Amino acid sequence: MNLLTKKPAILVARAIFPETLERLAEHFELETNQDDVIFTPQELAAKLHGKQGLLCTGSGRIDAPLLAQTPSLKMVANMAVGYDNIDLAACTLHQVMASNTPDVLNQTTADFAWALLMATARRITEAEHYLRAGKWDKWSYDAFLGADLHGATLGILGMGRIGQAIARRSIGFEMQVLYHNRSRLSPEQESYANHAQYVSKQELLTRADHLILILPYSASTHHAIGPAELDLMQPTATLVNVARGGIVDDAALIAALRQKKIAAAGLDVFEGEPKLNPDFLTLENVVLTPHIASASAATRRAMANCAADNLIAALTNQQPPNLLNPAVSV
Ligand code: DGY
């Protein structure tokens with residue numbers, strides 16, 4: 001705490017919109033990182049010395065060893081809906097509040113899931129690489145034959161708010177939607193989601209023409225798609241992951257794509273990202289993007305504002321709107 005201004009001190013651990021910093025500066029003493037250095041756990045702990053708040057992204061691991069070194073910390077605001085980088089139980093134990101940014105990115109992420117699905121099923125990036133390489137010398141009846149979306153069966157693994165927004169978009173493509181989720185949706189939610197039909201994971205894998213993964217990452221969803229699951233899928237199927245790396249066993253997926261056990265994959269997230277298995281780069285039947293599903297200008301601003309709202313509330317003795325561990329009192 002700065003004694004002159006009496007503003008709580010916070011760390012904004014990653015580069016962020018200047019207007020978000022201006023807003024935060026009205027309430028807090030800021031330490032910023034506009035050079036966007038990725039801190040080691042030791043550097044993060046040192047930077048958090050004397051700080052009450054932290055604004056971070058999925059790249060910051062907030063766990064028991066870190067929290068043991070940061071006794072002044074009261075609030076961690078994650079600028080992401082996923083919070084697998086935060087050990088919530090450890091936060092609660094240390095009386096540290098944690099928040100995420102739900103809802104503001106649902107529609108943008110659903111849009112992107114469709115963009116990736118369409119690019120993958122219709123081989124758009126593969127065809128563009130071919131054209132850019134100067135290889136296009138004639139129209140051919142069988143050039144870049146892909147899979148249709150219209151009238152196909154769309155499978156969705158993980159049917160939270162983003163999954164439902166993805167399903168809703170399939171109405172225009174006259175698709176049948178199957179889904180599997182921890183729990184079944186209400187009849188009203190299923191009807192909103194293009195009358196999605198709840199099926200077992202096995203049935204989802206075997207019947208989907210296109211399968212989109214949009215479930216949270218945890219120990220129980222680690223490698224939810226591995227060799228056995230890929231074996232169940234159709235050789236013509238498309239797999240899209242806009243959830244988290246680690247949900248898919250990347251080595252198993254590379255093998256399946258090589259052996260044409262499935263037709264193609266569209267991936268926005270990877271195990272160990274931003275590094276990725278270099279074998280992906282050798283495959284033509286994969287579309288690769290660098291974790292940008294929520295990256296529209298408006299949505300990233302909304303996420304930054306949402307994280308700021310949570311920090312401001314928590315450190316001015318109000319309930320943060322997206323508090324993940326309500327057992328910690330404000
Ligand atoms: C999220 O919000 O969890 C995204 O993956 C980060 O963009």
# chains A, B, ... in the order shown; residues from 1 in each chain; ligands from 1

call {"tool": "residues_around", "arguments": {"residues": "Ala302 in chain A", "least_positions_apart": "5", "cutoff": "9 Å", "atoms": "only C-alpha atoms", "output": "PyMOL selection string"}}
result
chain A and resi 101+104-105+297+307

call {"tool": "residues_around", "arguments": {"residues": "Phe17 in chain A", "least_positions_apart": "4", "cutoff": "10 Å", "atoms": "only C-alpha atoms", "output": "list in words"}}
result
Leu21, Glu22, Gln34, Arg300, Arg301, Ala304 and Asn305 of chain A

call {"tool": "write_last_selection", "arguments": {"atoms": "all heavy atoms", "output": "PDB file, in the first residue's frame"}}
result
ATOM      1  N   LEU A  21      -5.371   0.084 -18.379  1.00  0.00           N
ATOM      2  CA  LEU A  21      -4.402   0.548 -17.375  1.00  0.00           C
ATOM      3  C   LEU A  21      -4.840   1.894 -16.792  1.00  0.00           C
ATOM      4  O   LEU A  21      -4.761   2.115 -15.583  1.00  0.00           O
ATOM      5  CB  LEU A  21      -3.006   0.685 -17.998  1.00  0.00           C
ATOM      6  CG  LEU A  21      -2.305  -0.618 -18.372  1.00  0.00           C
ATOM      7  CD1 LEU A  21      -0.921  -0.319 -18.947  1.00  0.00           C
ATOM      8  CD2 LEU A  21      -2.189  -1.556 -17.173  1.00  0.00           C
ATOM      9  N   GLU A  22      -5.346   2.788 -17.682  1.00  0.00           N
ATOM     10  CA  GLU A  22      -5.793   4.106 -17.192  1.00  0.00           C
ATOM     11  C   GLU A  22      -6.924   3.937 -16.185  1.00  0.00           C
ATOM     12  O   GLU A  22      -6.967   4.597 -15.151  1.00  0.00           O
ATOM     13  CB  GLU A  22      -6.287   4.973 -18.357  1.00  0.00           C
ATOM     14  CG  GLU A  22      -5.147   5.629 -19.127  1.00  0.00           C
ATOM     15  CD  GLU A  22      -5.599   6.206 -20.459  1.00  0.00           C
ATOM     16  OE1 GLU A  22      -6.788   6.601 -20.585  1.00  0.00           O
ATOM     17  OE2 GLU A  22      -4.762   6.238 -21.391  1.00  0.00           O
ATOM     18  N   GLN A  34       4.181  -3.727 -19.861  1.00  0.00           N
ATOM     19  CA  GLN A  34       3.785  -3.483 -21.249  1.00  0.00           C
ATOM     20  C   GLN A  34       4.798  -4.045 -22.250  1.00  0.00           C
ATOM     21  O   GLN A  34       4.500  -4.146 -23.431  1.00  0.00           O
ATOM     22  CB  GLN A  34       3.521  -1.993 -21.491  1.00  0.00           C
ATOM     23  CG  GLN A  34       2.274  -1.466 -20.766  1.00  0.00           C
ATOM     24  CD  GLN A  34       0.980  -2.168 -21.176  1.00  0.00           C
ATOM     25  OE1 GLN A  34       0.676  -3.272 -20.692  1.00  0.00           O
ATOM     26  NE2 GLN A  34       0.193  -1.571 -22.061  1.00  0.00           N
ATOM     27  N   ARG A 300     -11.802  -8.838 -26.673  1.00  0.00           N
ATOM     28  CA  ARG A 300     -10.627  -8.743 -25.800  1.00  0.00           C
ATOM     29  C   ARG A 300     -10.730  -7.505 -24.901  1.00  0.00           C
ATOM     30  O   ARG A 300     -10.330  -7.541 -23.745  1.00  0.00           O
ATOM     31  CB  ARG A 300      -9.348  -8.736 -26.633  1.00  0.00           C
ATOM     32  CG  ARG A 300      -8.989 -10.133 -27.155  1.00  0.00           C
ATOM     33  CD  ARG A 300      -8.423 -11.025 -26.040  1.00  0.00           C
ATOM     34  NE  ARG A 300      -8.356 -12.421 -26.418  1.00  0.00           N
ATOM     35  CZ  ARG A 300      -7.369 -12.993 -27.102  1.00  0.00           C
ATOM     36  NH1 ARG A 300      -6.348 -12.275 -27.509  1.00  0.00           N
ATOM     37  NH2 ARG A 300      -7.409 -14.280 -27.370  1.00  0.00           N
ATOM     38  N   ARG A 301     -11.323  -6.422 -25.412  1.00  0.00           N
ATOM     39  CA  ARG A 301     -11.534  -5.244 -24.553  1.00  0.00           C
ATOM     40  C   ARG A 301     -12.535  -5.575 -23.452  1.00  0.00           C
ATOM     41  O   ARG A 301     -12.337  -5.207 -22.291  1.00  0.00           O
ATOM     42  CB  ARG A 301     -12.060  -4.068 -25.377  1.00  0.00           C
ATOM     43  CG  ARG A 301     -10.982  -3.392 -26.153  1.00  0.00           C
ATOM     44  CD  ARG A 301     -11.355  -1.976 -26.602  1.00  0.00           C
ATOM     45  NE  ARG A 301     -10.145  -1.283 -26.986  1.00  0.00           N
ATOM     46  CZ  ARG A 301      -9.509  -1.468 -28.150  1.00  0.00           C
ATOM     47  NH1 ARG A 301      -9.992  -2.303 -29.044  1.00  0.00           N
ATOM     48  NH2 ARG A 301      -8.389  -0.820 -28.399  1.00  0.00           N
ATOM     49  N   ALA A 304     -10.813  -7.604 -20.805  1.00  0.00           N
ATOM     50  CA  ALA A 304      -9.931  -6.783 -19.964  1.00  0.00           C
ATOM     51  C   ALA A 304     -10.757  -5.967 -18.979  1.00  0.00           C
ATOM     52  O   ALA A 304     -10.432  -5.878 -17.788  1.00  0.00           O
ATOM     53  CB  ALA A 304      -9.087  -5.861 -20.847  1.00  0.00           C
ATOM     54  N   ASN A 305     -11.878  -5.416 -19.464  1.00  0.00           N
ATOM     55  CA  ASN A 305     -12.753  -4.637 -18.579  1.00  0.00           C
ATOM     56  C   ASN A 305     -13.365  -5.496 -17.498  1.00  0.00           C
ATOM     57  O   ASN A 305     -13.500  -5.067 -16.355  1.00  0.00           O
ATOM     58  CB  ASN A 305     -13.888  -4.013 -19.403  1.00  0.00           C
ATOM     59  CG  ASN A 305     -13.519  -2.608 -19.796  1.00  0.00           C
ATOM     60  OD1 ASN A 305     -12.882  -1.889 -19.024  1.00  0.00           O
ATOM     61  ND2 ASN A 305     -13.881  -2.231 -20.995  1.00  0.00           N
TER      62      ASN A 305
END

call {"tool": "residues_near_ligand", "arguments": {"ligand": "ligand 1", "cutoff": "9 Å", "atoms": "only C-alpha atoms and all ligand atoms", "output": "list in words"}}
result
Thr57, Gly58, Asn78, Met79, Ala80, Val81, Gly82, Tyr83, Asp84, Asn100, Thr101, Pro102, Leu105, Thr109, Pro216, Val242, Ala243, Arg244, Val269, His291, Ile292, Ala293, Ser294, Ala295, Arg300 and Met303 of chain A

call {"tool": "closest_residue", "arguments": {"among": "A:Leu204, A:Ile312, A:Met233, A:Ala196", "to": "Ala25 in chain A", "atoms": "only C-alpha atoms"}}
result
A:Ile312

call {"tool": "select_by_dssp", "arguments": {"residues": "range 36-112 of chain A", "states": "helix (DSSP H, G or I)", "output": "PyMOL selection string"}}
result
chain A and resi 41-47+64-68+88-93+106-112

call {"tool": "closest_residue", "arguments": {"among": "A:Gly155, A:Pro187, A:Pro8, A:Gly246", "to": "Arg207 in chain A", "atoms": "only C-alpha atoms"}}
result
A:Gly155

call {"tool": "atom_distance", "arguments": {"atom1": "CA of Pro320 in chain A", "atom2": "CA of Gln95 in chain A"}}
result
14.3 Å

call {"tool": "residues_around", "arguments": {"residues": "range 143-147 of chain A", "least_positions_apart": "6", "cutoff": "7 Å", "atoms": "only C-alpha atoms", "output": "PDB file with C-alpha atoms, in the first residue's frame"}}
result
ATOM      1  CA  ALA A 121     -13.596 -29.216 -43.396  1.00  0.00           C
ATOM      2  CA  ARG A 122     -13.246 -27.236 -46.641  1.00  0.00           C
ATOM      3  CA  ARG A 123      -9.429 -27.276 -46.591  1.00  0.00           C
ATOM      4  CA  ALA A 127      -5.658 -24.692 -50.620  1.00  0.00           C
TER       5      ALA A 127
END

call {"tool": "closest_residue", "arguments": {"among": "A:Met175, A:Ala228, A:Leu323, A:Leu276", "to": "Asp309 in chain A", "atoms": "only C-alpha atoms"}}
result
A:Leu323

call {"tool": "select_by_dssp", "arguments": {"residues": "range 13-71 of chain A", "states": "strand (DSSP E)", "output": "list in words"}}
result
Glu29, Leu30, Glu31, Gly53, Leu54, Leu55 and Cys56 of chain A

call {"tool": "write_last_selection", "arguments": {"atoms": "all heavy atoms", "output": "PDB file, in the first residue's frame"}}
result
ATOM      1  N   GLU A  29      -2.303   1.623  -7.297  1.00  0.00           N
ATOM      2  CA  GLU A  29      -0.905   1.840  -7.683  1.00  0.00           C
ATOM      3  C   GLU A  29      -0.543   0.670  -8.591  1.00  0.00           C
ATOM      4  O   GLU A  29      -0.666  -0.497  -8.173  1.00  0.00           O
ATOM      5  CB  GLU A  29       0.001   1.765  -6.450  1.00  0.00           C
ATOM      6  CG  GLU A  29       0.039   3.016  -5.617  1.00  0.00           C
ATOM      7  CD  GLU A  29       0.566   4.201  -6.400  1.00  0.00           C
ATOM      8  OE1 GLU A  29       1.609   4.052  -7.069  1.00  0.00           O
ATOM      9  OE2 GLU A  29      -0.070   5.263  -6.355  1.00  0.00           O
ATOM     10  N   LEU A  30      -0.099   0.960  -9.792  1.00  0.00           N
ATOM     11  CA  LEU A  30       0.107  -0.131 -10.757  1.00  0.00           C
ATOM     12  C   LEU A  30       1.570  -0.470 -10.953  1.00  0.00           C
ATOM     13  O   LEU A  30       2.400   0.434 -11.092  1.00  0.00           O
ATOM     14  CB  LEU A  30      -0.411   0.255 -12.150  1.00  0.00           C
ATOM     15  CG  LEU A  30      -1.850   0.679 -12.338  1.00  0.00           C
ATOM     16  CD1 LEU A  30      -2.122   0.849 -13.829  1.00  0.00           C
ATOM     17  CD2 LEU A  30      -2.782  -0.369 -11.758  1.00  0.00           C
ATOM     18  N   GLU A  31       1.864  -1.753 -11.013  1.00  0.00           N
ATOM     19  CA  GLU A  31       3.104  -2.183 -11.654  1.00  0.00           C
ATOM     20  C   GLU A  31       2.673  -2.893 -12.921  1.00  0.00           C
ATOM     21  O   GLU A  31       1.849  -3.822 -12.875  1.00  0.00           O
ATOM     22  CB  GLU A  31       3.924  -3.120 -10.756  1.00  0.00           C
ATOM     23  CG  GLU A  31       5.184  -3.554 -11.485  1.00  0.00           C
ATOM     24  CD  GLU A  31       6.217  -4.229 -10.601  1.00  0.00           C
ATOM     25  OE1 GLU A  31       6.067  -4.212  -9.362  1.00  0.00           O
ATOM     26  OE2 GLU A  31       7.166  -4.782 -11.190  1.00  0.00           O
ATOM     27  N   GLY A  53      -3.396  -7.087  -5.370  1.00  0.00           N
ATOM     28  CA  GLY A  53      -4.148  -7.619  -6.503  1.00  0.00           C
ATOM     29  C   GLY A  53      -3.239  -8.008  -7.654  1.00  0.00           C
ATOM     30  O   GLY A  53      -2.123  -7.493  -7.801  1.00  0.00           O
ATOM     31  N   LEU A  54      -3.748  -8.928  -8.458  1.00  0.00           N
ATOM     32  CA  LEU A  54      -3.022  -9.392  -9.642  1.00  0.00           C
ATOM     33  C   LEU A  54      -4.008  -9.510 -10.789  1.00  0.00           C
ATOM     34  O   LEU A  54      -5.074 -10.126 -10.638  1.00  0.00           O
ATOM     35  CB  LEU A  54      -2.392 -10.764  -9.363  1.00  0.00           C
ATOM     36  CG  LEU A  54      -1.853 -11.537 -10.574  1.00  0.00           C
ATOM     37  CD1 LEU A  54      -0.664 -10.809 -11.195  1.00  0.00           C
ATOM     38  CD2 LEU A  54      -1.451 -12.958 -10.177  1.00  0.00           C
ATOM     39  N   LEU A  55      -3.675  -8.919 -11.935  1.00  0.00           N
ATOM     40  CA  LEU A  55      -4.424  -9.180 -13.160  1.00  0.00           C
ATOM     41  C   LEU A  55      -3.508 -10.041 -14.027  1.00  0.00           C
ATOM     42  O   LEU A  55      -2.382  -9.629 -14.346  1.00  0.00           O
ATOM     43  CB  LEU A  55      -4.794  -7.875 -13.860  1.00  0.00           C
ATOM     44  CG  LEU A  55      -5.880  -7.999 -14.948  1.00  0.00           C
ATOM     45  CD1 LEU A  55      -6.604  -6.673 -15.127  1.00  0.00           C
ATOM     46  CD2 LEU A  55      -5.358  -8.483 -16.263  1.00  0.00           C
ATOM     47  N   CYS A  56      -3.958 -11.241 -14.339  1.00  0.00           N
ATOM     48  CA  CYS A  56      -3.090 -12.156 -15.094  1.00  0.00           C
ATOM     49  C   CYS A  56      -3.887 -12.811 -16.218  1.00  0.00           C
ATOM     50  O   CYS A  56      -5.088 -12.602 -16.355  1.00  0.00           O
ATOM     51  CB  CYS A  56      -2.484 -13.212 -14.173  1.00  0.00           C
ATOM     52  SG  CYS A  56      -3.704 -14.303 -13.423  1.00  0.00           S
TER      53      CYS A  56
END
